[in-house]
Amino acid sequence: MKSACRLVSVPCLWPRTIAAVLAMAWSTVFAPAFGEESLQPRPAAESALQPFVETYCIDCHRGDVPHQRLSWERVVERLQAQEMPPEDATQPEAAEREAVLAWLRAELAEPDCSQPQDPGHVTLRRLNRTEYQNTIRDLLGVGFDAAGFFPVDELGYGFDNNGDVLSLPPALLEKYLQAAEEIAAQAIVTPESILEPAQTHAWNKLRGGEAASQGVCGLFTNGRVWAEARFDQPGEYLLRVRAYATQAGDEPVKIRLFAGDDELRQAAVVAEGDDPQTYVARFTAEPGTRPVGVELLNDAWMPWVEDASRRDRNLFVLEISIVGPTNKLQPDELPESHRRVASWAPTQAEWFGGQGWSERVRQLIGRLLARAYRRPPTDEEIDRLAAFIEAARDRGDSFERAIQLAVAATLVSPQFLMRGETAPAGASGVRRLDAYELASRLSYFLWSSMPDDELLQLAAEGILHDRLDAQVDRMLASDKSDELLRNFGEQWLETRRLATLKRDPQRFPEFDAELSAAMREETHRLLADILRHDRPLPTLLAADYSFVNSRLARHYGLETPAGGEADAFVRVELPQERRAGVLAHGSVLTVTAFADRTSPVLRGKWVLEHLLADPPPPPPPDAGALPEAAGDLAGKSLRERMEIHRADPTCASCHKRMDPIGLALENFDAIGRWRQFDGADRIDANGQLPDGRQVSGAAGLRDVLLADFQRVRRSIAERLLTYALGRGLEPYDRCAVNEIVAATQSGGDTLRGMIRAIVKSAPFTQRNEGGTNDNPLAPPGGTHGTAPGG
């Protein structure tokens with residue numbers, strides 16, 4: 001017996017276990033749209049469904065019963081269209097089929113969308129590579145190649161921003177630690193990092209002290225170690241003393257750095273011999289020669305201390321260097337990233353001489369954390385980072401180095417690395433996102449980055465929820481919205497795969513990185529044109545124009561664009577055979593082909609999955625491969641061999657759906673060029689869909705999809721909502737999708753209108769906390785702090 005469930009992922013179990021598993025499936029799949037976790041099966045379920053499945057499903061579907069509502073909806077469609085069981089299988093009686101359909105329709109009935117919706121909740125997740133890179137850029141003004149530094153993000157529900165796959169294993173956390181150090185070093189200029197031009201005086205060239213061991217000059221009593229430095233030009237210089245100490249008692253070694261008669265700063269030396277530290281001081285000098293060095297201030301000998309290693313307080317100097325003249329620390333020479341974080345700095349004397357800088361530093365911390373955490377920090381969070389900075393000062397670090405370390409610490413905090421909502425302690429049930437949470441969702445949806453100052457200001461004023469349409473328009477007008485088109489569009493259409501895709505160099509020697517990039521850019525520019533000019537969504541499939549550069553124009557056989565640079569993209573009108581929107585784009589046609597030939601199956605599957613949200617199931621284990629053109633089949637065309645393959649009942653049901661769609665695109669080869677012959681065989685791009693409609697070529701497929709565009713529109717809405725939320729859709733999201741689709745149609749049927757509808761939808765603006773709040777990102781006390789001034 002053959003399957004009645006073949007065209008969806010509905011593998012059935014062996015008879016001895018099917019009843020128990022079906023009972024579980026009924027309780028988890030046919031769930032209501034709101035509130036309740038499951039819907040108990042009606043009393044007639046076992047008699048209505050189980051015998052049918054056991055009789056007609058088991059032969060072809062082995063494994064688990066489906067747990068997705070969409071899969072059961074597809075079962076209804078296939079049974080209703082009498083596509084299942086296959087023609088050669090035992091067929092149910094009309095009454096038997098109708099009884100099963102009636103039961104399934106009742107269970108899958110549209111929810112009552114007039115009731116409050118369950119918005120679901122999004123899993124706490126880390127920033128993906130793109131979000132991390134963009135957030136670093138917008139937070140600090142630093143360019144960082146996250147794609148080259150971090151491993152590839154996994155995909156969940158087709159996208160790399162899905163919370164279910166964005167975990168933070170220890171090995172990846174180590175990479176974030178390394179990245180934070182590199183980024184902070186690039187963002188903040190410190191005296192410690194300026195090493196040239198330098199005069200270096202090794203230990204054996206120093207004056208004062210005495211040789212303690214090879215490579216070290218020691219001070220065993222209060223005194224000085226110095227070098228005579230020559231200054232050829234006036235300007236700012238840096239004194240660098242590399243040293244370590246042995247301790248006595250509880251007081252650390254204290255030193256004074258000097259230049260001539262001027263004390264530059266004092267410091268406590270806690271570094272030990274296996275890890276010496278460099279102590280830096282800034283000073284100005286006129287041309288001439290003067291002594292520069294270090295003085296031990298608190299020598300001590302305590303023979304009574306029990307710990308022999310802490311009886312003698314001594315200083316050991318490895319080298320003294322003078323760097324300069326330099327203007328790298330002058331305000332007008334600092335990079336924008338430095339000025340963005342440290343808009344104020346104490347003098348060297350203020351920094352090492354007391355606590356007068358403390359309040360100003362807290363203000364700097366507050367502004368940094370407010371942007372890094374995408375919300376106002378609490379007093380406790382500011383206190384922690386302020387204490388971290390003070391500890392760096394006490395260790396002898398410069399103000400700039402302390403700020404640099406604070407930036408690195410911020411970049412590895414979970415509040416920065418992770419995205420998640422921070423409900424008040426004890427929150428449960430459905431709640432509206434607060435304005436900061438909404439700002440973050442909005443910015444990462446449209447920009448793949450942190451909220452900008454305007455979003456955060458609207459959040460602070462508590463009016464963001466009322467300004468969503470205006471903010472969507474503003475954000476889509478920004479160049480940063482290209483991130484939405486690339487990160488959503490290229491993953492939805494799978495054109496991102498072109499970055500690593502290869503073709504057989506013998507069959508397609510012209511396919512290279514330049515052509516691949518041009519194909520990818522063409523599709524991106526069409527999506528951008530549809531969004532920026534508010535073109536109707538069907539333009540995606542109906543566009544009679546495109547954007548090409550000279551390389552892509554030659555590849556398509558079009559006239560090379562006149563004027564301009566060779567790699568400049570221009571809008572062109574397309575010949576009739578290419579007037580099918582993305583269906584005729586080289587990007588789509590290439591990612592749906594094999595390395596050495598076309599694949600009508602892959603192209604048909606792509607249309608079903610990405611445009612109609614109706615993917616075929618994986619092939620059954622005993623499904624054979626397409627027969628090769630060898631032996632008795634040596635003279636058979638690809639279409640003829642596919643017909644032989646489709647004659648196998650195991651393969652027929654799925655291929656009846658996929659093959660006519662893919663064959664309609666056969667006039668395009670494996671790299672998207674138009675052709676009329678495949679070798680010696682004339683291309684036949686005609687076919688018949690399971691419902692009897694005829695399809696002829698790309699234009700015919702375009703017309704079929706446009707006639708059924710309500711399905712395409714809904715598919716786009718589901719994909720875009722999945723991307724916006726960072727989670728897969730659940731049965732309770734059905735009402736939200738209905739509303740988004742309706743709002744899109746009534747608002748001009750544009751991509752902008754769909755985006756507006758999504759950002760105002762319940763799943764986007766609300767969250768179901770369930771019964772507990774265990775979010776580790778919740779700030780102390782469960783509430784946001786006060787927005788810092790300045």
# chains A, B, ... in the order shown; residues from 1 in each chain; ligands from 1

$ residues_around --residues "Asp299 (chain A)" --least-positions-apart "3" --cutoff "8 Å" --atoms "only C-alpha atoms" --output "PyMOL selection string"
chain A and resi 220-222+253+296+312-314

$ write_last_selection --atoms "N, CA and C atoms" --output "PDB file, in the first residue's frame"
ATOM      1  N   PHE A 220      68.167  48.528  46.328  1.00  0.00           N
ATOM      2  CA  PHE A 220      67.968  47.793  47.567  1.00  0.00           C
ATOM      3  C   PHE A 220      67.818  48.737  48.760  1.00  0.00           C
ATOM      4  N   THR A 221      67.815  50.013  48.460  1.00  0.00           N
ATOM      5  CA  THR A 221      67.528  51.042  49.451  1.00  0.00           C
ATOM      6  C   THR A 221      66.922  52.210  48.692  1.00  0.00           C
ATOM      7  N   ASN A 222      66.360  53.178  49.412  1.00  0.00           N
ATOM      8  CA  ASN A 222      65.765  54.316  48.731  1.00  0.00           C
ATOM      9  C   ASN A 222      66.823  55.009  47.870  1.00  0.00           C
ATOM     10  N   VAL A 253      55.569  48.304  47.122  1.00  0.00           N
ATOM     11  CA  VAL A 253      56.660  49.190  46.731  1.00  0.00           C
ATOM     12  C   VAL A 253      56.082  50.445  46.082  1.00  0.00           C
ATOM     13  N   LEU A 296      62.948  54.812  44.167  1.00  0.00           N
ATOM     14  CA  LEU A 296      62.291  53.986  45.179  1.00  0.00           C
ATOM     15  C   LEU A 296      62.055  54.847  46.412  1.00  0.00           C
ATOM     16  N   ASP A 312      61.869  41.741  52.295  1.00  0.00           N
ATOM     17  CA  ASP A 312      62.769  42.769  51.757  1.00  0.00           C
ATOM     18  C   ASP A 312      62.076  43.502  50.609  1.00  0.00           C
ATOM     19  N   ARG A 313      61.881  44.809  50.784  1.00  0.00           N
ATOM     20  CA  ARG A 313      61.179  45.625  49.782  1.00  0.00           C
ATOM     21  C   ARG A 313      62.225  46.255  48.858  1.00  0.00           C
ATOM     22  N   ASN A 314      62.267  45.759  47.593  1.00  0.00           N
ATOM     23  CA  ASN A 314      63.268  46.214  46.629  1.00  0.00           C
ATOM     24  C   ASN A 314      62.622  46.459  45.269  1.00  0.00           C
TER      25      ASN A 314
END

$ select_by_dssp --residues "region 182-223 of chain A" --states "strand (DSSP E or B)" --output "list in words"
Ala198, Gln199, Thr200, His201, Ala202, Arg207, Glu210, Ala211, Ala212, Ser213, Val216, Cys217, Gly218, Leu219 and Gly223 of chain A

$ closest_residue --among "A:Gly120, A:Pro92, A:Pro618, A:Pro600" --to "Gly687 (chain A)" --atoms "only C-alpha atoms"
A:Pro600

$ atom_distance --atom1 "CA of Val241 (chain A)" --atom2 "CA of Ile320 (chain A)"
4.7 Å

$ residues_around --residues "region 493-499 of chain A" --least-positions-apart "4" --cutoff "7 Å" --atoms "only C-alpha atoms" --output "ChimeraX atom specification"
/A:489,516,520,587-588,591,610

$ write_last_selection --atoms "all heavy atoms" --output "mmCIF file, in the first residue's frame"
data_model
loop_
_atom_site.group_PDB
_atom_site.id
_atom_site.type_symbol
_atom_site.label_atom_id
_atom_site.label_comp_id
_atom_site.auth_asym_id
_atom_site.auth_seq_id
_atom_site.Cartn_x
_atom_site.Cartn_y
_atom_site.Cartn_z
ATOM 1 N N GLY A 489 17.167 39.163 2.823
ATOM 2 C CA GLY A 489 16.943 38.798 1.423
ATOM 3 C C GLY A 489 17.855 37.688 0.947
ATOM 4 O O GLY A 489 17.410 36.739 0.286
ATOM 5 N N SER A 516 30.061 35.874 -9.900
ATOM 6 C CA SER A 516 29.215 35.473 -8.780
ATOM 7 C C SER A 516 28.784 36.684 -7.969
ATOM 8 O O SER A 516 27.611 36.820 -7.587
ATOM 9 C CB SER A 516 29.985 34.482 -7.901
ATOM 10 O OG SER A 516 29.235 34.135 -6.766
ATOM 11 N N ARG A 520 24.914 38.256 -7.341
ATOM 12 C CA ARG A 520 24.409 38.525 -5.992
ATOM 13 C C ARG A 520 23.951 39.973 -5.868
ATOM 14 O O ARG A 520 22.899 40.265 -5.273
ATOM 15 C CB ARG A 520 25.525 38.208 -4.998
ATOM 16 C CG ARG A 520 25.140 38.140 -3.552
ATOM 17 C CD ARG A 520 26.330 37.653 -2.740
ATOM 18 N NE ARG A 520 26.105 37.742 -1.317
ATOM 19 C CZ ARG A 520 27.016 37.430 -0.408
ATOM 20 N NH1 ARG A 520 28.210 36.996 -0.797
ATOM 21 N NH2 ARG A 520 26.737 37.547 0.881
ATOM 22 N N SER A 587 21.606 34.687 -9.993
ATOM 23 C CA SER A 587 21.861 34.272 -8.609
ATOM 24 C C SER A 587 20.993 33.076 -8.233
ATOM 25 O O SER A 587 21.499 32.044 -7.765
ATOM 26 C CB SER A 587 21.586 35.435 -7.661
ATOM 27 O OG SER A 587 20.238 35.888 -7.778
ATOM 28 N N VAL A 588 19.696 33.194 -8.433
ATOM 29 C CA VAL A 588 18.770 32.124 -8.070
ATOM 30 C C VAL A 588 18.994 30.899 -8.948
ATOM 31 O O VAL A 588 19.006 29.753 -8.469
ATOM 32 C CB VAL A 588 17.313 32.621 -8.179
ATOM 33 C CG1 VAL A 588 16.336 31.470 -8.050
ATOM 34 C CG2 VAL A 588 17.039 33.690 -7.129
ATOM 35 N N VAL A 591 22.305 29.039 -7.735
ATOM 36 C CA VAL A 591 22.265 28.318 -6.456
ATOM 37 C C VAL A 591 21.290 27.143 -6.498
ATOM 38 O O VAL A 591 21.311 26.296 -5.599
ATOM 39 C CB VAL A 591 21.904 29.252 -5.280
ATOM 40 C CG1 VAL A 591 22.925 30.357 -5.138
ATOM 41 C CG2 VAL A 591 20.499 29.814 -5.407
ATOM 42 N N HIS A 610 10.715 28.458 -0.891
ATOM 43 C CA HIS A 610 11.024 29.860 -0.617
ATOM 44 C C HIS A 610 9.938 30.832 -1.067
ATOM 45 O O HIS A 610 9.871 31.947 -0.541
ATOM 46 C CB HIS A 610 12.348 30.232 -1.268
ATOM 47 C CG HIS A 610 13.514 29.486 -0.687
ATOM 48 N ND1 HIS A 610 14.094 29.818 0.501
ATOM 49 C CD2 HIS A 610 14.172 28.392 -1.128
ATOM 50 C CE1 HIS A 610 15.077 28.976 0.772
ATOM 51 N NE2 HIS A 610 15.135 28.098 -0.203
#

$ residues_around --residues "Cys735 (chain A)" --least-positions-apart "5" --cutoff "9 Å" --atoms "only C-alpha atoms" --output "MDAnalysis selection string"
chainID A and resid 33 110:114 117 740

$ write_last_selection --atoms "N, CA and C atoms" --output "PDB file, in the first residue's frame"
ATOM      1  N   ALA A  33      -4.794  28.934  19.312  1.00  0.00           N
ATOM      2  CA  ALA A  33      -3.941  30.083  19.021  1.00  0.00           C
ATOM      3  C   ALA A  33      -3.528  30.828  20.269  1.00  0.00           C
ATOM      4  N   GLU A 110      -9.505  27.795  11.657  1.00  0.00           N
ATOM      5  CA  GLU A 110      -8.897  29.092  11.949  1.00  0.00           C
ATOM      6  C   GLU A 110      -9.197  29.506  13.388  1.00  0.00           C
ATOM      7  N   PRO A 111      -8.195  29.982  14.110  1.00  0.00           N
ATOM      8  CA  PRO A 111      -8.430  30.426  15.488  1.00  0.00           C
ATOM      9  C   PRO A 111      -9.290  31.684  15.507  1.00  0.00           C
ATOM     10  N   ASP A 112      -9.830  31.959  16.665  1.00  0.00           N
ATOM     11  CA  ASP A 112     -10.623  33.175  16.854  1.00  0.00           C
ATOM     12  C   ASP A 112      -9.669  34.329  17.103  1.00  0.00           C
ATOM     13  N   CYS A 113      -9.383  35.106  16.060  1.00  0.00           N
ATOM     14  CA  CYS A 113      -8.396  36.167  16.163  1.00  0.00           C
ATOM     15  C   CYS A 113      -8.941  37.426  16.818  1.00  0.00           C
ATOM     16  N   SER A 114     -10.208  37.381  17.256  1.00  0.00           N
ATOM     17  CA  SER A 114     -10.754  38.532  17.979  1.00  0.00           C
ATOM     18  C   SER A 114     -10.324  38.514  19.443  1.00  0.00           C
ATOM     19  N   GLN A 117      -3.972  37.704  21.667  1.00  0.00           N
ATOM     20  CA  GLN A 117      -3.048  36.746  21.074  1.00  0.00           C
ATOM     21  C   GLN A 117      -1.913  36.414  22.034  1.00  0.00           C
ATOM     22  N   ILE A 740      -0.851  40.749   9.484  1.00  0.00           N
ATOM     23  CA  ILE A 740       0.247  41.338   8.716  1.00  0.00           C
ATOM     24  C   ILE A 740      -0.063  41.289   7.230  1.00  0.00           C
TER      25      ILE A 740
END

$ residues_around --residues "region 720-734 of chain A" --least-positions-apart "3" --cutoff "8 Å" --atoms "only C-alpha atoms" --output "list in words"
Ala31, Pro32, Ala33, Phe34, Arg69, Pro111, Gln117, Asp118, Pro119, Gly120, Val122, Thr123, Gly156, Tyr157, Phe159, Asn161, Asn162, Gly163, Asp164, Arg441, Phe445, Phe488, Ile716, Ala717, Val737, Asn738, Ile758, Pro763 and Phe764 of chain A

$ select_by_dssp --residues "region 364-437 of chain A" --states "helix (DSSP H, G or I)" --output "PyMOL selection string"
chain A and resi 364-372+379-394+399-411+414-417+435-437

$ residues_around --residues "region 452-462 of chain A" --least-positions-apart "3" --cutoff "8 Å" --atoms "only C-alpha atoms" --output "PDB file with C-alpha atoms, in the first residue's frame"
ATOM      1  CA  ASP A 138      27.986  51.945  15.705  1.00  0.00           C
ATOM      2  CA  ARG A 374      20.885  49.308  24.710  1.00  0.00           C
ATOM      3  CA  ARG A 375      19.211  50.576  27.893  1.00  0.00           C
ATOM      4  CA  ALA A 435      10.513  51.099  24.988  1.00  0.00           C
ATOM      5  CA  TYR A 436      14.190  50.100  25.192  1.00  0.00           C
ATOM      6  CA  ALA A 439      14.080  49.927  20.229  1.00  0.00           C
ATOM      7  CA  SER A 443      17.143  48.257  15.217  1.00  0.00           C
ATOM      8  CA  HIS A 465       5.478  52.734  20.667  1.00  0.00           C
ATOM      9  CA  GLN A 471      10.772  55.416  12.761  1.00  0.00           C
ATOM     10  CA  ALA A 787      19.414  57.293  31.715  1.00  0.00           C
TER      11      ALA A 787
END

$ closest_residue --among "A:Gly672, A:Pro660, A:Pro116, A:Gly679" --to "Arg693 (chain A)" --atoms "only C-alpha atoms"
A:Pro660

$ closest_residue --among "A:Asp307, A:Arg401, A:Arg767, A:Ala185" --to "Tyr279 (chain A)" --atoms "only C-alpha atoms"
A:Arg401

$ closest_residue --among "A:Gly692, A:Val280, A:Asp534, A:Pro252" --to "Glu83 (chain A)" --atoms "only C-alpha atoms"
A:Gly692

$ atom_distance --atom1 "CA of Asp504 (chain A)" --atom2 "CA of Asp596 (chain A)"
5.3 Å

$ residues_around --residues "Ala345 (chain A)" --least-positions-apart "4" --cutoff "12 Å" --atoms "only C-alpha atoms" --output "number ranges by chain"
A: 190, 329-331, 338-339, 341, 349-351, 356-361, 363-364, 398-403

$ atom_distance --atom1 "CA of Glu577 (chain A)" --atom2 "CA of Arg554 (chain A)"
15.9 Å

$ decode --residues "region 447-475 of chain A" --atoms "N, CA, C and O atoms" --output "short mmCIF file (atom, residue, chain, number, x, y, z; two decimals), in the first residue's frame"
data_model
loop_
_atom_site.label_atom_id
_atom_site.label_comp_id
_atom_site.auth_asym_id
_atom_site.auth_seq_id
_atom_site.Cartn_x
_atom_site.Cartn_y
_atom_site.Cartn_z
N TRP A 447 18.38 47.09 10.90
CA TRP A 447 19.77 47.50 10.70
C TRP A 447 20.78 46.42 11.08
O TRP A 447 21.98 46.60 10.86
N SER A 448 20.34 45.37 11.71
CA SER A 448 21.27 44.35 12.26
C SER A 448 22.30 45.03 13.15
O SER A 448 23.49 44.68 13.14
N SER A 449 21.85 45.99 13.93
CA SER A 449 22.77 46.73 14.80
C SER A 449 21.99 47.33 15.95
O SER A 449 20.76 47.22 16.04
N MET A 450 22.72 48.00 16.83
CA MET A 450 22.17 48.61 18.02
C MET A 450 21.30 49.82 17.69
O MET A 450 21.42 50.42 16.62
N PRO A 451 20.41 50.21 18.61
CA PRO A 451 19.62 51.42 18.39
C PRO A 451 20.52 52.65 18.34
O PRO A 451 21.53 52.74 19.04
N ASP A 452 20.13 53.62 17.51
CA ASP A 452 20.89 54.87 17.46
C ASP A 452 20.36 55.83 18.51
O ASP A 452 19.44 55.51 19.29
N ASP A 453 20.93 57.02 18.56
CA ASP A 453 20.58 57.99 19.61
C ASP A 453 19.11 58.39 19.55
O ASP A 453 18.47 58.59 20.59
N GLU A 454 18.55 58.50 18.34
CA GLU A 454 17.15 58.92 18.25
C GLU A 454 16.22 57.86 18.81
O GLU A 454 15.26 58.17 19.53
N LEU A 455 16.48 56.60 18.50
CA LEU A 455 15.65 55.54 19.06
C LEU A 455 15.75 55.51 20.58
O LEU A 455 14.74 55.36 21.28
N LEU A 456 16.96 55.62 21.09
CA LEU A 456 17.14 55.60 22.54
C LEU A 456 16.49 56.81 23.20
O LEU A 456 15.96 56.71 24.31
N GLN A 457 16.51 57.95 22.53
CA GLN A 457 15.86 59.14 23.09
C GLN A 457 14.35 58.96 23.14
O GLN A 457 13.70 59.30 24.14
N LEU A 458 13.76 58.42 22.07
CA LEU A 458 12.32 58.16 22.07
C LEU A 458 11.96 57.14 23.13
O LEU A 458 10.89 57.23 23.76
N ALA A 459 12.85 56.16 23.33
CA ALA A 459 12.62 55.18 24.39
C ALA A 459 12.65 55.86 25.76
O ALA A 459 11.82 55.59 26.63
N ALA A 460 13.63 56.76 25.96
CA ALA A 460 13.74 57.46 27.23
C ALA A 460 12.51 58.31 27.51
O ALA A 460 12.07 58.44 28.66
N GLU A 461 11.93 58.87 26.45
CA GLU A 461 10.74 59.70 26.60
C GLU A 461 9.47 58.87 26.70
O GLU A 461 8.39 59.41 26.97
N GLY A 462 9.58 57.55 26.46
CA GLY A 462 8.42 56.66 26.57
C GLY A 462 7.43 56.79 25.43
O GLY A 462 6.25 56.45 25.61
N ILE A 463 7.87 57.26 24.26
CA ILE A 463 6.92 57.50 23.17
C ILE A 463 7.24 56.68 21.92
O ILE A 463 6.63 56.88 20.87
N LEU A 464 8.17 55.74 22.01
CA LEU A 464 8.55 54.98 20.81
C LEU A 464 7.39 54.16 20.27
O LEU A 464 7.22 54.07 19.05
N HIS A 465 6.60 53.56 21.15
CA HIS A 465 5.48 52.73 20.67
C HIS A 465 4.53 53.53 19.78
O HIS A 465 3.89 52.96 18.88
N ASP A 466 4.46 54.83 20.01
CA ASP A 466 3.53 55.67 19.24
C ASP A 466 4.17 56.24 17.98
O ASP A 466 3.48 56.91 17.20
N ARG A 467 5.44 56.01 17.76
CA ARG A 467 6.15 56.61 16.62
C ARG A 467 6.72 55.54 15.68
O ARG A 467 7.68 55.82 14.97
N LEU A 468 6.14 54.36 15.68
CA LEU A 468 6.76 53.26 14.94
C LEU A 468 6.76 53.49 13.44
O LEU A 468 7.77 53.24 12.76
N ASP A 469 5.67 53.96 12.87
CA ASP A 469 5.63 54.18 11.42
C ASP A 469 6.71 55.18 11.00
O ASP A 469 7.44 54.96 10.02
N ALA A 470 6.81 56.28 11.72
CA ALA A 470 7.80 57.30 11.37
C ALA A 470 9.21 56.76 11.52
O ALA A 470 10.10 57.05 10.71
N GLN A 471 9.43 55.96 12.56
CA GLN A 471 10.77 55.42 12.76
C GLN A 471 11.12 54.37 11.70
O GLN A 471 12.27 54.29 11.25
N VAL A 472 10.15 53.58 11.31
CA VAL A 472 10.40 52.62 10.22
C VAL A 472 10.81 53.36 8.96
O VAL A 472 11.79 52.99 8.29
N ASP A 473 10.09 54.41 8.62
CA ASP A 473 10.43 55.17 7.42
C ASP A 473 11.82 55.80 7.53
O ASP A 473 12.60 55.79 6.58
N ARG A 474 12.12 56.36 8.69
CA ARG A 474 13.44 56.96 8.89
C ARG A 474 14.55 55.91 8.77
O ARG A 474 15.57 56.13 8.11
N MET A 475 14.34 54.79 9.39
CA MET A 475 15.38 53.76 9.40
C MET A 475 15.54 53.11 8.03
O MET A 475 16.66 52.77 7.63
#
